[in-house]
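One file, structure-v8.txt, is given below (compact mmCIF, C-alpha atoms).
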# COMPACT_ATOMS: atom_id res chain seq x y z
CA MET R 848 0.00 0.00 0.00
CA THR R 849 2.73 2.51 0.83
CA ARG R 850 3.99 2.28 -2.76
CA THR R 851 0.61 2.93 -4.39
CA ARG R 852 -0.53 6.31 -5.62
CA THR R 853 -3.93 7.26 -4.30
CA GLY R 854 -6.01 9.77 -6.20
CA VAL R 855 -8.00 12.13 -3.98
CA TRP R 856 -10.97 13.90 -5.55
CA PHE R 857 -12.42 16.74 -3.49
CA VAL R 858 -15.95 17.97 -4.09
CA GLY R 859 -15.56 21.61 -3.10
CA ALA R 860 -11.89 21.51 -4.06
CA ARG R 861 -11.34 25.28 -3.87
CA GLY R 862 -12.80 25.68 -0.38
CA ASN R 863 -10.81 26.33 2.79
CA VAL R 864 -10.80 22.76 4.10
CA ALA R 865 -9.78 21.25 0.78
CA THR R 866 -7.08 23.86 0.24
CA THR R 867 -5.67 23.29 3.73
CA ALA R 868 -5.68 19.52 3.23
CA ILE R 869 -3.93 19.84 -0.13
CA ALA R 870 -1.34 22.33 1.14
CA GLY R 871 -0.75 20.20 4.25
CA ALA R 872 -0.33 16.98 2.29
CA ARG R 873 2.12 18.60 -0.10
CA GLY R 874 3.88 20.20 2.86
CA ILE R 875 4.31 16.75 4.41
CA ALA R 876 5.69 15.47 1.11
CA ARG R 877 8.15 18.37 0.89
CA GLY R 878 9.18 18.32 4.54
CA THR R 879 7.85 21.70 5.65
CA THR R 880 5.22 20.34 8.03
CA ASP R 881 4.63 17.22 10.13
CA GLU R 882 1.65 14.95 10.72
CA THR R 883 0.40 16.49 13.96
CA GLY R 884 -3.39 16.21 14.03
CA LEU R 885 -3.56 13.02 11.94
CA VAL R 886 -5.12 10.11 13.82
CA THR R 887 -3.36 7.76 11.40
CA ALA R 888 0.04 9.16 12.44
CA ARG R 889 -0.16 7.51 15.87
CA GLU R 890 -0.86 4.05 17.21
CA PRO R 891 -2.84 2.01 16.59
CA CYS R 892 -3.24 3.20 12.98
CA THR R 893 0.53 3.32 12.35
CA LEU R 894 0.50 -0.47 12.62
CA LEU R 895 -1.53 -0.68 9.41
CA ASP R 896 0.09 -0.48 6.00
CA LEU R 897 -1.73 2.71 4.98
CA PRO R 898 -1.07 4.66 1.79
CA ALA R 899 1.39 7.52 2.28
CA VAL R 900 -0.05 11.03 2.38
CA SER R 901 2.98 12.18 0.40
CA GLU R 902 1.81 10.00 -2.52
CA PHE R 903 -1.67 11.53 -2.79
CA VAL R 904 -2.59 13.01 -6.18
CA PHE R 905 -5.31 15.66 -6.00
CA GLY R 906 -8.12 16.79 -8.28
CA GLY R 907 -11.72 17.81 -7.79
CA HIS R 908 -14.96 19.59 -8.63
CA ASP R 909 -16.08 23.06 -7.65
CA ILE R 910 -18.56 25.69 -8.77
CA ALA R 911 -16.11 28.49 -7.94
CA ASP R 912 -13.22 29.50 -10.17
CA ARG R 913 -11.07 31.11 -7.48
CA PRO R 914 -7.48 29.76 -7.78
CA LEU R 915 -6.20 27.57 -4.96
CA ILE R 916 -3.19 29.81 -4.47
CA HIS R 917 -5.48 32.74 -3.65
CA THR R 918 -7.36 30.74 -1.01
CA ALA R 919 -4.10 29.40 0.41
CA THR R 920 -2.65 32.92 0.62
CA GLU R 921 -5.67 34.11 2.58
CA LEU R 922 -5.36 31.13 4.88
CA SER R 923 -1.69 31.92 5.37
CA ASP R 924 -2.54 35.51 6.27
CA SER R 925 -4.84 34.05 8.96
CA ASN R 926 -2.09 31.74 10.28
CA ILE R 927 -3.82 28.60 8.96
CA VAL R 928 -1.28 27.64 6.29
CA ASP R 929 2.25 28.53 7.41
CA ARG R 930 4.22 30.84 5.13
CA GLU R 931 7.08 28.40 4.46
CA THR R 932 4.68 25.69 3.32
CA LEU R 933 2.79 28.14 1.12
CA GLU R 934 5.99 29.14 -0.66
CA VAL R 935 7.15 25.56 -1.14
CA VAL R 936 3.82 24.15 -2.40
CA SER R 937 2.67 27.09 -4.51
CA GLY R 938 3.71 25.31 -7.72
CA ASP R 939 1.80 22.20 -6.63
CA LEU R 940 -1.32 24.27 -6.00
CA ARG R 941 -1.17 25.77 -9.49
CA GLU R 942 -0.74 22.32 -11.02
CA ILE R 943 -3.66 20.89 -9.04
CA ASP R 944 -5.83 23.85 -10.06
CA ASP R 945 -5.69 22.56 -13.63
CA ARG R 946 -7.27 19.31 -12.44
CA ILE R 947 -10.36 20.95 -10.88
CA GLU R 948 -13.48 20.59 -13.03
CA THR R 949 -16.80 22.44 -13.06
CA GLY R 950 -19.23 20.86 -10.60
CA THR R 951 -22.95 20.79 -9.90
CA ALA R 952 -24.99 22.75 -7.38
CA GLN R 953 -28.12 20.61 -7.87
CA ASN R 954 -30.50 21.14 -4.94
CA CYS R 955 -27.79 22.74 -2.77
CA GLY R 956 -30.06 25.53 -1.51
CA SER R 957 -30.27 29.21 -2.33
CA ALA R 958 -27.45 30.06 0.08
CA VAL R 959 -24.84 28.43 -2.16
CA SER R 960 -23.68 31.26 -4.42
CA LEU R 961 -23.40 30.46 -8.11
CA ALA R 962 -21.90 33.82 -9.03
CA ASP R 963 -18.29 32.64 -9.24
CA GLY R 964 -18.69 30.48 -12.31
CA ASP R 965 -20.79 28.11 -14.42
CA THR R 966 -22.23 24.84 -13.15
CA LEU R 967 -23.16 21.55 -14.75
CA ASP R 968 -26.82 22.31 -13.98
CA SER R 969 -27.17 25.03 -16.59
CA ASN R 970 -27.85 22.88 -19.66
CA HIS R 971 -27.80 19.30 -18.39
CA THR R 972 -30.32 16.79 -17.10
CA VAL R 973 -29.58 14.91 -13.88
CA SER R 974 -28.55 11.87 -15.90
CA GLU R 975 -26.17 13.98 -17.98
CA ILE R 976 -24.70 15.54 -14.84
CA VAL R 977 -23.98 12.09 -13.42
CA GLU R 978 -22.37 10.95 -16.67
CA GLN R 979 -20.16 14.05 -16.75
CA ILE R 980 -19.06 13.48 -13.15
CA ARG R 981 -18.22 9.86 -13.92
CA SER R 982 -16.28 10.98 -16.97
CA ASP R 983 -14.33 13.51 -14.88
CA TYR R 984 -13.42 10.78 -12.39
CA SER R 985 -12.28 8.34 -15.08
CA ASP R 986 -10.34 10.99 -17.01
CA PHE R 987 -8.47 11.94 -13.85
CA VAL R 988 -7.52 8.31 -13.15
CA ALA R 989 -6.37 7.79 -16.74
CA GLU R 990 -4.37 11.02 -16.94
CA THR R 991 -2.63 10.69 -13.57
CA GLY R 992 -2.18 6.92 -13.51
CA VAL R 993 -3.29 6.63 -9.88
CA ASP R 994 -3.98 3.14 -8.51
CA ARG R 995 -7.31 4.10 -6.94
CA LEU R 996 -9.52 7.15 -6.49
CA VAL R 997 -11.17 8.26 -3.24
CA VAL R 998 -13.92 10.88 -3.54
CA VAL R 999 -14.44 13.19 -0.54
CA ASN R 1000 -17.35 15.61 -0.21
CA LEU R 1001 -16.13 18.88 1.31
CA ALA R 1002 -18.75 21.16 -0.25
CA SER R 1003 -21.02 23.50 1.71
CA SER R 1004 -23.90 21.95 3.64
CA GLU R 1005 -27.04 21.22 1.64
CA PRO R 1006 -30.63 21.29 2.92
CA PRO R 1007 -31.82 17.87 4.11
CA VAL R 1008 -33.54 15.65 1.54
CA THR R 1009 -37.32 15.57 1.80
CA ASP R 1010 -38.75 12.05 2.03
CA PRO R 1011 -35.49 10.10 1.63
CA GLU R 1012 -37.60 6.92 1.62
CA ARG R 1013 -38.27 7.64 -2.05
CA TYR R 1014 -34.68 6.55 -2.75
CA GLU R 1015 -34.63 3.52 -0.46
CA THR R 1016 -33.63 1.10 -3.24
CA LEU R 1017 -31.02 1.35 -5.95
CA ALA R 1018 -33.69 0.89 -8.60
CA ALA R 1019 -35.69 3.81 -7.16
CA PHE R 1020 -32.60 6.02 -7.07
CA GLU R 1021 -31.63 5.19 -10.65
CA ASP R 1022 -35.21 5.74 -11.82
CA ALA R 1023 -35.07 9.18 -10.18
CA VAL R 1024 -31.84 9.99 -12.01
CA GLU R 1025 -33.39 9.00 -15.36
CA ALA R 1026 -36.56 10.95 -14.54
CA ASP R 1027 -34.50 14.12 -13.99
CA ASP R 1028 -35.59 14.34 -10.34
CA ALA R 1029 -34.70 17.87 -9.20
CA ASP R 1030 -34.88 16.82 -5.53
CA LEU R 1031 -31.72 14.72 -5.76
CA PRO R 1032 -28.92 16.70 -4.10
CA ALA R 1033 -25.45 17.23 -5.56
CA SER R 1034 -23.77 15.26 -2.77
CA SER R 1035 -25.76 12.13 -3.68
CA LEU R 1036 -25.03 12.53 -7.39
CA TYR R 1037 -21.29 12.69 -6.66
CA ALA R 1038 -21.65 9.67 -4.37
CA TYR R 1039 -23.60 7.68 -6.95
CA ALA R 1040 -21.06 8.45 -9.68
CA ALA R 1041 -18.23 7.34 -7.39
CA LEU R 1042 -19.81 4.14 -6.07
CA ALA R 1043 -21.09 3.08 -9.48
CA ASP R 1044 -17.52 3.02 -10.79
CA GLY R 1045 -15.97 1.45 -7.67
CA HIS R 1046 -14.47 4.59 -6.11
CA PRO R 1047 -14.64 4.84 -2.29
CA TYR R 1048 -16.65 7.83 -1.06
CA VAL R 1049 -16.41 9.89 2.13
CA ASN R 1050 -19.03 12.44 3.14
CA PHE R 1051 -17.28 14.93 5.43
CA THR R 1052 -20.37 17.17 5.54
CA PRO R 1053 -23.91 17.04 7.02
CA SER R 1054 -25.29 16.69 3.48
CA THR R 1055 -27.06 13.47 2.46
CA GLY R 1056 -24.27 12.05 0.29
CA SER R 1057 -24.33 8.25 0.22
CA ASP R 1058 -26.71 8.00 3.19
CA LEU R 1059 -29.70 6.88 1.11
CA GLY R 1060 -30.95 3.30 1.04
CA GLY R 1061 -30.35 3.02 -2.70
CA LEU R 1062 -26.75 4.18 -2.42
CA ARG R 1063 -26.03 1.94 0.55
CA GLU R 1064 -27.37 -0.91 -1.59
CA LEU R 1065 -25.09 0.13 -4.44
CA ALA R 1066 -22.03 0.21 -2.17
CA GLU R 1067 -22.83 -3.28 -0.88
CA THR R 1068 -23.48 -4.65 -4.36
CA LYS R 1069 -20.28 -3.17 -5.77
CA ASN R 1070 -18.33 -3.89 -2.55
CA VAL R 1071 -17.14 -0.27 -2.31
CA PRO R 1072 -16.32 1.35 1.07
CA HIS R 1073 -18.04 4.58 2.06
CA ALA R 1074 -18.29 6.63 5.26
CA GLY R 1075 -19.93 9.75 6.73
CA ARG R 1076 -21.54 12.04 7.82
CA ASP R 1077 -20.53 15.44 9.22
CA ALA R 1078 -17.01 15.36 10.59
CA LYS R 1079 -16.60 15.86 14.33
CA THR R 1080 -13.88 18.50 14.75
CA GLY R 1081 -14.65 20.89 17.60
CA GLU R 1082 -17.61 21.54 19.90
CA THR R 1083 -19.30 18.22 19.13
CA LEU R 1084 -16.03 16.37 19.69
CA LEU R 1085 -16.05 17.75 23.23
CA LYS R 1086 -19.71 16.86 23.70
CA SER R 1087 -19.06 13.24 22.74
CA ALA R 1088 -16.24 13.12 25.31
CA LEU R 1089 -17.93 15.05 28.14
CA GLY R 1090 -21.47 13.70 27.73
CA PRO R 1091 -20.50 10.17 28.82
CA MET R 1092 -18.80 11.65 31.89
CA PHE R 1093 -22.12 13.06 33.14
CA ALA R 1094 -23.94 9.85 32.25
CA GLY R 1095 -21.33 7.66 33.95
CA ARG R 1096 -21.48 9.69 37.17
CA ASN R 1097 -25.31 9.68 37.09
CA LEU R 1098 -25.46 13.46 37.03
CA ASP R 1099 -28.73 14.77 35.61
CA VAL R 1100 -28.05 17.22 32.78
CA LEU R 1101 -30.94 19.68 32.74
CA SER R 1102 -29.82 21.78 29.78
CA TRP R 1103 -26.92 22.06 27.36
CA ASP R 1104 -26.76 25.20 25.25
CA GLY R 1105 -24.12 25.70 22.59
CA PHE R 1106 -23.50 28.96 20.73
CA ASN R 1107 -21.23 28.90 17.68
CA ILE R 1108 -19.83 31.77 15.62
CA LEU R 1109 -17.61 31.47 12.55
CA GLY R 1110 -16.73 33.65 9.61
CA ASN R 1111 -15.76 31.54 6.60
CA GLY R 1112 -17.82 30.51 3.58
CA ASP R 1113 -19.45 27.67 5.49
CA GLY R 1114 -20.56 30.12 8.15
CA LYS R 1115 -22.14 32.30 5.52
CA VAL R 1116 -24.01 29.37 3.97
CA LEU R 1117 -25.24 28.29 7.40
CA GLU R 1118 -26.95 31.65 7.82
CA ASP R 1119 -29.67 30.16 5.64
CA ASP R 1120 -32.18 28.16 7.69
CA GLU R 1121 -32.56 25.50 4.97
CA ASN R 1122 -28.84 24.79 4.81
CA LYS R 1123 -28.45 25.05 8.57
CA ALA R 1124 -31.09 22.41 9.33
CA GLY R 1125 -28.90 19.36 8.67
CA LYS R 1126 -25.99 20.80 10.63
CA LEU R 1127 -28.12 21.52 13.70
CA GLN R 1128 -29.56 18.01 13.57
CA SER R 1129 -26.15 16.32 13.61
CA LYS R 1130 -24.68 18.64 16.26
CA GLY R 1131 -27.64 18.26 18.62
CA GLY R 1132 -28.24 14.55 18.05
CA VAL R 1133 -25.02 13.47 19.76
CA LEU R 1134 -26.17 14.61 23.21
CA SER R 1135 -29.67 13.24 22.78
CA ASN R 1136 -28.16 9.83 22.12
CA ILE R 1137 -25.84 9.94 25.14
CA LEU R 1138 -27.98 11.78 27.71
CA GLY R 1139 -31.53 11.25 26.50
CA SER R 1140 -33.97 13.49 24.71
CA ASN R 1141 -35.77 14.96 27.73
CA MET R 1142 -33.19 17.62 28.56
CA HIS R 1143 -33.15 21.07 26.96
CA ASN R 1144 -30.59 20.78 24.14
CA ARG R 1145 -30.06 23.82 21.91
CA VAL R 1146 -27.40 24.67 19.35
CA ARG R 1147 -26.98 27.99 17.57
CA ILE R 1148 -24.70 28.78 14.64
CA ASP R 1149 -24.15 32.41 13.63
CA TYR R 1150 -22.06 34.00 10.91
CA THR R 1151 -19.46 36.54 12.09
CA PRO R 1152 -17.53 37.70 8.99
CA SER R 1153 -14.56 39.19 10.84
CA LEU R 1154 -13.58 35.77 12.26
CA GLY R 1155 -12.65 34.33 8.88
CA ASP R 1156 -11.71 30.65 9.22
CA TRP R 1157 -11.63 30.82 13.01
CA LYS R 1158 -14.60 29.64 15.03
CA THR R 1159 -15.65 29.99 18.65
CA ALA R 1160 -18.10 27.78 20.53
CA TRP R 1161 -19.33 28.67 24.01
CA ASP R 1162 -21.25 25.99 25.89
CA HIS R 1163 -23.25 26.18 29.11
CA VAL R 1164 -24.13 22.91 30.84
CA HIS R 1165 -26.63 23.05 33.72
CA PHE R 1166 -26.83 19.82 35.73
CA ARG R 1167 -28.28 18.41 38.95
CA GLY R 1168 -26.39 16.33 41.47
CA PHE R 1169 -26.99 14.60 44.81
CA MET R 1170 -29.94 15.93 46.86
CA GLY R 1171 -31.00 18.14 43.96
CA THR R 1172 -27.99 20.47 44.05
CA THR R 1173 -27.71 22.31 40.71
CA MET R 1174 -24.30 23.11 39.24
CA SER R 1175 -22.89 24.23 35.91
CA LEU R 1176 -20.00 23.74 33.54
CA GLN R 1177 -18.99 26.35 30.98
CA PHE R 1178 -16.33 26.00 28.32
CA THR R 1179 -15.09 27.92 25.31
CA TRP R 1180 -13.60 26.24 22.26
CA GLN R 1181 -11.66 28.44 19.86
CA GLY R 1182 -10.14 26.80 16.83
CA ALA R 1183 -9.20 27.17 13.20
CA ASP R 1184 -11.93 25.38 11.30
CA SER R 1185 -9.77 24.15 8.42
CA THR R 1186 -6.79 23.22 10.63
CA LEU R 1187 -9.03 20.95 12.68
CA ALA R 1188 -10.71 19.40 9.64
CA ALA R 1189 -7.88 18.94 7.12
CA PRO R 1190 -5.90 16.20 8.91
CA LEU R 1191 -9.11 14.20 9.44
CA VAL R 1192 -9.78 14.41 5.71
CA LEU R 1193 -6.36 12.89 5.04
CA ASP R 1194 -6.98 10.23 7.72
CA LEU R 1195 -10.25 9.19 6.15
CA VAL R 1196 -8.73 8.94 2.69
CA ARG R 1197 -6.01 6.65 4.05
CA LEU R 1198 -8.44 4.45 5.96
CA VAL R 1199 -11.05 3.99 3.24
CA ALA R 1200 -8.27 3.32 0.71
CA TYR R 1201 -7.00 0.62 3.06
CA ALA R 1202 -10.49 -0.86 3.34
CA ASP R 1203 -10.80 -0.81 -0.44
CA ASP R 1204 -7.49 -2.62 -0.79
CA HIS R 1205 -8.82 -5.32 1.55
CA ASP R 1206 -12.19 -5.70 -0.24
CA GLU R 1207 -14.15 -4.28 2.69
CA GLY R 1208 -17.12 -2.65 1.01
CA GLY R 1209 -20.15 -0.96 2.51
CA VAL R 1210 -20.41 1.45 5.43
CA GLN R 1211 -17.15 1.68 7.41
CA THR R 1212 -18.62 1.64 10.91
CA HIS R 1213 -15.20 1.57 12.61
CA LEU R 1214 -14.71 5.18 11.45
CA SER R 1215 -17.57 6.45 13.64
CA SER R 1216 -15.23 8.53 15.85
CA PHE R 1217 -14.69 10.87 12.91
CA PHE R 1218 -18.35 11.84 12.52
CA LYS R 1219 -21.19 13.56 14.34
CA GLU R 1220 -23.79 11.37 12.65
CA PRO R 1221 -21.90 8.17 11.76
CA MET R 1222 -23.67 5.97 9.25
CA GLY R 1223 -24.70 2.56 10.55
CA VAL R 1224 -23.71 3.33 14.16
CA SER R 1225 -25.85 4.51 17.07
CA GLU R 1226 -22.96 4.76 19.56
CA HIS R 1227 -21.82 8.36 20.22
CA ASP R 1228 -19.53 7.86 23.23
CA LEU R 1229 -16.15 8.99 21.88
CA SER R 1230 -14.08 6.49 23.87
CA ARG R 1231 -16.22 3.60 22.64
CA GLN R 1232 -15.96 4.88 19.09
CA PHE R 1233 -12.16 4.98 19.42
CA ALA R 1234 -12.33 1.40 20.69
CA MET R 1235 -14.10 0.40 17.48
CA LEU R 1236 -11.17 1.70 15.42
CA GLU R 1237 -8.70 -0.04 17.72
CA SER R 1238 -10.62 -3.30 17.39
CA TYR R 1239 -10.50 -2.96 13.60
CA VAL R 1240 -6.72 -2.56 13.70
CA ASN R 1241 -6.37 -5.59 16.00
CA ASP R 1242 -8.47 -7.70 13.65
CA HIS R 1243 -6.11 -6.88 10.80
CA LEU R 1244 -2.98 -7.48 12.88
CA ASP R 1245 -4.34 -10.85 13.96
CA THR R 1246 -5.25 -11.78 10.38
CA ASN R 1247 -1.71 -10.95 9.27
CA GLY R 1248 -0.15 -12.97 12.07
CA ARG R 1249 1.02 -9.93 14.04
CA GLU R 1250 0.60 -9.45 17.77
CA PRO R 1251 -2.55 -7.44 18.59
CA ILE R 1252 -1.96 -4.22 20.49
CA THR R 1253 -2.96 -3.62 24.08
CA PRO R 1254 -5.63 -0.96 24.62
CA LEU R 1255 -4.28 2.55 24.47
CA ARG R 1256 -4.80 5.38 26.89
CA THR R 1257 -5.23 8.86 25.47
CA ASP R 1258 -1.52 9.57 26.04
CA GLY R 1259 -0.69 6.72 23.65
CA SER R 1260 0.85 4.45 26.29
CA GLY R 1261 -0.19 0.85 26.91
CA SER R 1262 -2.77 -0.22 29.45
CA ASP R 1263 -3.14 -3.46 31.39
CA SER R 1264 -6.91 -3.23 31.41
CA ASP R 1265 -9.10 -4.91 28.84
CA ALA R 1266 -10.46 -2.76 26.03
CA ALA R 1267 -14.14 -2.10 26.13
CA GLU R 1268 -15.88 -3.66 23.19
CA ALA R 1269 -17.99 -1.21 21.23
CA ASP R 1270 -20.20 -2.93 18.73
CA SER R 1271 -21.89 -1.06 15.95
CA ALA R 1272 -25.66 -0.94 16.02
CA PRO R 1273 -27.74 -2.04 13.05
CA GLU R 1274 -27.60 0.44 10.22
CA ARG R 1275 -30.18 3.18 10.42
CA SER R 1276 -33.21 3.00 8.22
CA ALA R 1277 -34.29 6.01 6.22
CA ASN R 1278 -36.96 6.66 8.86
CA ASP R 1279 -34.20 7.49 11.37
CA ASP R 1280 -32.84 10.37 9.27
Starting from the file, lay out its structure as structure tokens.
Amino acid sequence: MTRTRTGVWFVGARGNVATTAIAGARGIARGTTDETGLVTAREPCTLLDLPAVSEFVFGGHDIADRPLIHTATELSDSNIVDRETLEVVSGDLREIDDRIETGTAQNCGSAVSLADGDTLDSNHTVSEIVEQIRSDYSDFVAETGVDRLVVVNLASSEPPVTDPERYETLAAFEDAVEADDADLPASSLYAYAALADGHPYVNFTPSTGSDLGGLRELAETKNVPHAGRDAKTGETLLKSALGPMFAGRNLDVLSWDGFNILGNGDGKVLEDDENKAGKLQSKGGVLSNILGSNMHNRVRIDYTPSLGDWKTAWDHVHFRGFMGTTMSLQFTWQGADSTLAAPLVLDLVRLVAYADDHDEGGVQTHLSSFFKEPMGVSEHDLSRQFAMLESYVNDHLDTNGREPITPLRTDGSGSDSDAAEADSAPERSANDD
């Protein structure tokens, strides 16, 4: 695996997260940055023969025509991409720009601006859009000579799909494509085009992507790995770690309010209530799963232009203890949105490529720790989700005749205690969406 060349196709390739991931990967290849922030750069994942980030070959779709170097320069000015890396990878960014094709904004909501350039939607039916996407994928593979292609959705959040049950079977989905169904969202068209041709797909966003019954069926039939949805990078990451603490100590959480402000393009899109709906569902659902649905659980997301790629989350937790004593926890999370997300993007590419190499198709439930709303998994306790990934690694070490690892503490050292088994729950039906 380390000698293969993995093609990485970003949907939303000119956005901040994609640009940071590309610049970071090329910085790793050229020695200007390290792998801090990559889960796959520490045990247990280092025990797997994963494809090297330095060998990734990038391309993508976007509806914007803004050059990567411009986005990277802005990110550098905001201390997201360091200046040395920007200078060293600038030639790579210009080369990759030539491999970014015009994308679709089908059913992405009115908040997604189309002013920057043309889209595939202008003069094409849904079926024609899908065929063009498939052609773009195959042309990229042929021109670059990569050994496999992983498609990652990094585009702005779409509105949730109405009545996803309509697409519960592959036949129903394909009939909708042929019928020029305008309700099919771009993320699902990209996913269908990828899975139909055997390319692994990762949905990093709250958008629907491959999380439709028909597309899950396609992935199983074609034995293609896919994963999603909505990467867990900041406030929700903390919730999935702290929520089990309250539950384990039998402390009654009365209310948990989270207020988020951010200033990048995603923040602007999330000003629209339609586009925001899916994001709020995935951010709030984590706590409901861990602590129950009876408590007051509110999340707000507001656009603050001056913050740029930086985001701030302030959370207030009101809880009741022994003899009815009420107490509170408050915390503030301040982070660079793209810096938190980009290494996880690279992790997911490595891990689904590994699964593809080992003929492990379908939903990759062991990757649940990466997502707010993991497909096929109802467990939201972060430590148990990490244990699922560790168990996956151990299974592969055992299969290859290597000694399984002992459970890891968060500092990376060994532990004498037994690892808690965290089994995935049955895959969600469309009625659970």
- Task: Using only C-alpha atoms, pick whichever of R:Ala1188, R:Leu1193, R:Leu1198, R:Ala952 has the shortest atom-to-atom distance to R:Asn863.
- Result: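 Looking only at the distances to R:Asn863, the closest residue turns out to be R:Ala1188.
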Using 9 Å as the limit and counting all atoms listed in the file, can you tabulate each residue of stretch 900-919 of chain R that touches stretch 981-998 of chain R, with its shortest atom-to-atom distance in Å and the two atoms involved, as a tab-separated table?
residue	atom	partner	partner_atom	distance
R:Phe903	CA	R:Val993	CA	8.8
R:Val904	CA	R:Val993	CA	7.4
R:Gly906	CA	R:Phe987	CA	7.4
R:Gly907	CA	R:Val998	CA	8.4
R:His908	CA	R:Asp983	CA	8.7
- How many Å lie between atom CA of R:Leu894 and atom CA of R:Val1240, rounded to one decimal? 7.6 Å
